[in-house]
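Presented below is the structure to which this report refers.
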Amino acid sequence: MGKSFAVLGLGRFGKRLALSLYEMGEEVMAVDKRPELVEAVADSVTYAVEADVSNAEALKGINIGNIDTVVVAMGSDLTASIMAVMVSKEEGVPCVIAKAADERMGDILKKVGADRIIFPEEETGMRTARKLVSDSFLEFFDIDDNLCLVEIKPKPEWIGKNLIELQLRDKYHVNVVAIKDESEMRSFIDPKRPLEDDTQLLVIVEKEDLKFLK
């Protein structure tokens with residue numbers, strides 16, 4: 001079962017994050033006080049909500065406490081970000097991630113309850129979405145608009161099985177192009193060799209199929 005996410009603030013980063021999470025098959029509530037931004041994503045997320053996230057009652061009114069992960073994406077508005085973080089934690093959100101314009105803002109948001117801070121110069125909405133959806137993605141490289149190259153850790157249920165048994169192409173829509181273990185990347189792949197805990201796979205996958213690797 002997928003996670004539920006709320007993205008508060010639909011600037012460039014927040015919009016890209018919300019759209020990417022939804023494309024990966026997650027339940028996404030996108031929230032902003034500007035109606036034109038809400039309308040722009042309405043057909044591309046689970047819920048698009050117009051609400052002032054700097055207002056505690058407005059946040060409570062959208063049932064923020066029922067969300068698994070809240071991302072506070074108003075990096076330039078410290079007051080609104082503080083309110084959104086505090087209310088989200090008070091309402092019982094397990095994980096609150098906040099975007100910060102600088103380290104000082106990040107320190108403040110940490111103090112009021114943020115579980116993790118994102119700095120925009122280091123993260124993009126799409127990259128953050130991948131990290132939130134799965135901790136098995138080690139590296140990610142765009143090939144074109146539809147195709148990507150991803151370095152992943154094997155799922156726990158893959159350990160001890162070989163590529164023939166796993167049938168990754170049929171079940172997960174991925175093509176394994178290399179295997180890395182003991183710090184060595186090899187393009188020659190023995191399909192009968194069982195995967196181990198320290199094995200890493202380099203696979204080519206269409207972006208719309210990334211959800212199968214979660």
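As shown in the structure tokens, the chain order sets the letters A, B, ...; within each chain, residues go from 1, and ligands are also counted from 1 in the order they appear.
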Neighbour list for A:Ile204 as an NGL selection string, cut-off 6 Å, only C-alpha atoms, skip fewer than 4 positions in-chain: :A and (148-149 or 174-175)
Write out as a ChimeraX atom specification all residues of stretch 31-169 of chain A that DSSP puts in helix (DSSP H, G or I) for this structure's backbone. /A:35-41,56-61,64-66,78-90,103-111,125-133,156-158,163-166,168-169
When distances are computed from only C-alpha atoms, which of A:Ile189, A:Leu163, A:Glu151, A:Lys15 shows the smallest separation from A:Val41? A:Lys15
Among chain A, which residues carry a DSSP assignment of strand (DSSP E or B), reported as a count of residues only? 57
Just to confirm, what's the straight-line distance from atom CA of A:Val53 to atom CA of A:Ile118 in Å (one decimal)?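 Rounded to one decimal, the two atoms are 18.3 Å apart.
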Long-range neighbours of stretch 29-38 of chain A as a list in words, 7 Å cut-off, only C-alpha atoms, 6 positions minimum in chain: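 So the residues in contact are Phe5, Ala6, Val7, Leu8, Gly9, Leu10, Ala18, Val45, Thr46, Tyr47, Ala48, Val49, Glu50, Ala51 and Asp52 of chain A.
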Can you spit out the residues from that selection as a PDB file, in the first residue's frame, using C-alpha atoms?
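Saved result, again23.pdb, follows:
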ATOM      1  CA  PHE A   5       1.728  12.874   0.916  1.00  0.00           C
ATOM      2  CA  ALA A   6       0.691  16.486   1.310  1.00  0.00           C
ATOM      3  CA  VAL A   7       2.731  19.139  -0.465  1.00  0.00           C
ATOM      4  CA  LEU A   8       2.125  22.570   1.059  1.00  0.00           C
ATOM      5  CA  GLY A   9       3.106  25.318  -1.356  1.00  0.00           C
ATOM      6  CA  LEU A  10       3.007  24.920  -5.135  1.00  0.00           C
ATOM      7  CA  ALA A  18       3.656  16.854  -6.111  1.00  0.00           C
ATOM      8  CA  VAL A  45      -2.693  14.860  -8.281  1.00  0.00           C
ATOM      9  CA  THR A  46      -5.131  13.004  -6.049  1.00  0.00           C
ATOM     10  CA  TYR A  47      -6.479  16.129  -4.340  1.00  0.00           C
ATOM     11  CA  ALA A  48      -5.821  19.794  -5.106  1.00  0.00           C
ATOM     12  CA  VAL A  49      -6.857  22.060  -2.252  1.00  0.00           C
ATOM     13  CA  GLU A  50      -6.992  25.837  -1.954  1.00  0.00           C
ATOM     14  CA  ALA A  51      -6.044  26.753   1.618  1.00  0.00           C
ATOM     15  CA  ASP A  52      -3.838  29.235   3.462  1.00  0.00           C
TER      16      ASP A  52
END
Distance of atom CA of A:Asp209 from atom CA of A:His173, expressed in Å to one decimal place: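 Value for the atom CA of A:His173-atom CA of A:Asp209 distance: 6.6 Å.
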My list of candidates is A:Ala58, A:Arg12, A:Val87, A:Asp43. Which is closest to A:Ala73 when distances are computed with only C-alpha atoms?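 Using only C-alpha atoms, the shortest distance to A:Ala73 belongs to A:Arg12.
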What's around A:Pro154 at 8 Å? Count only C-alpha atoms, leave out sequence neighbours fewer than 6 positions away in its own chain, and write the answer as a ChimeraX atom specification. /A:136,195,197,199-201
Just give me the gap between atom CA of A:Leu166 and atom CA of A:Glu27 in Å, one decimal is fine.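 Atom CA of A:Glu27 lies at a distance of 28.1 Å from atom CA of A:Leu166.
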Using only C-alpha atoms, can you tell me which of A:Lys110, A:Lys207, A:Arg186, A:Lys60 comes closest to A:Ser81?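 Ranked by minimum distance to A:Ser81, first place goes to A:Lys110.
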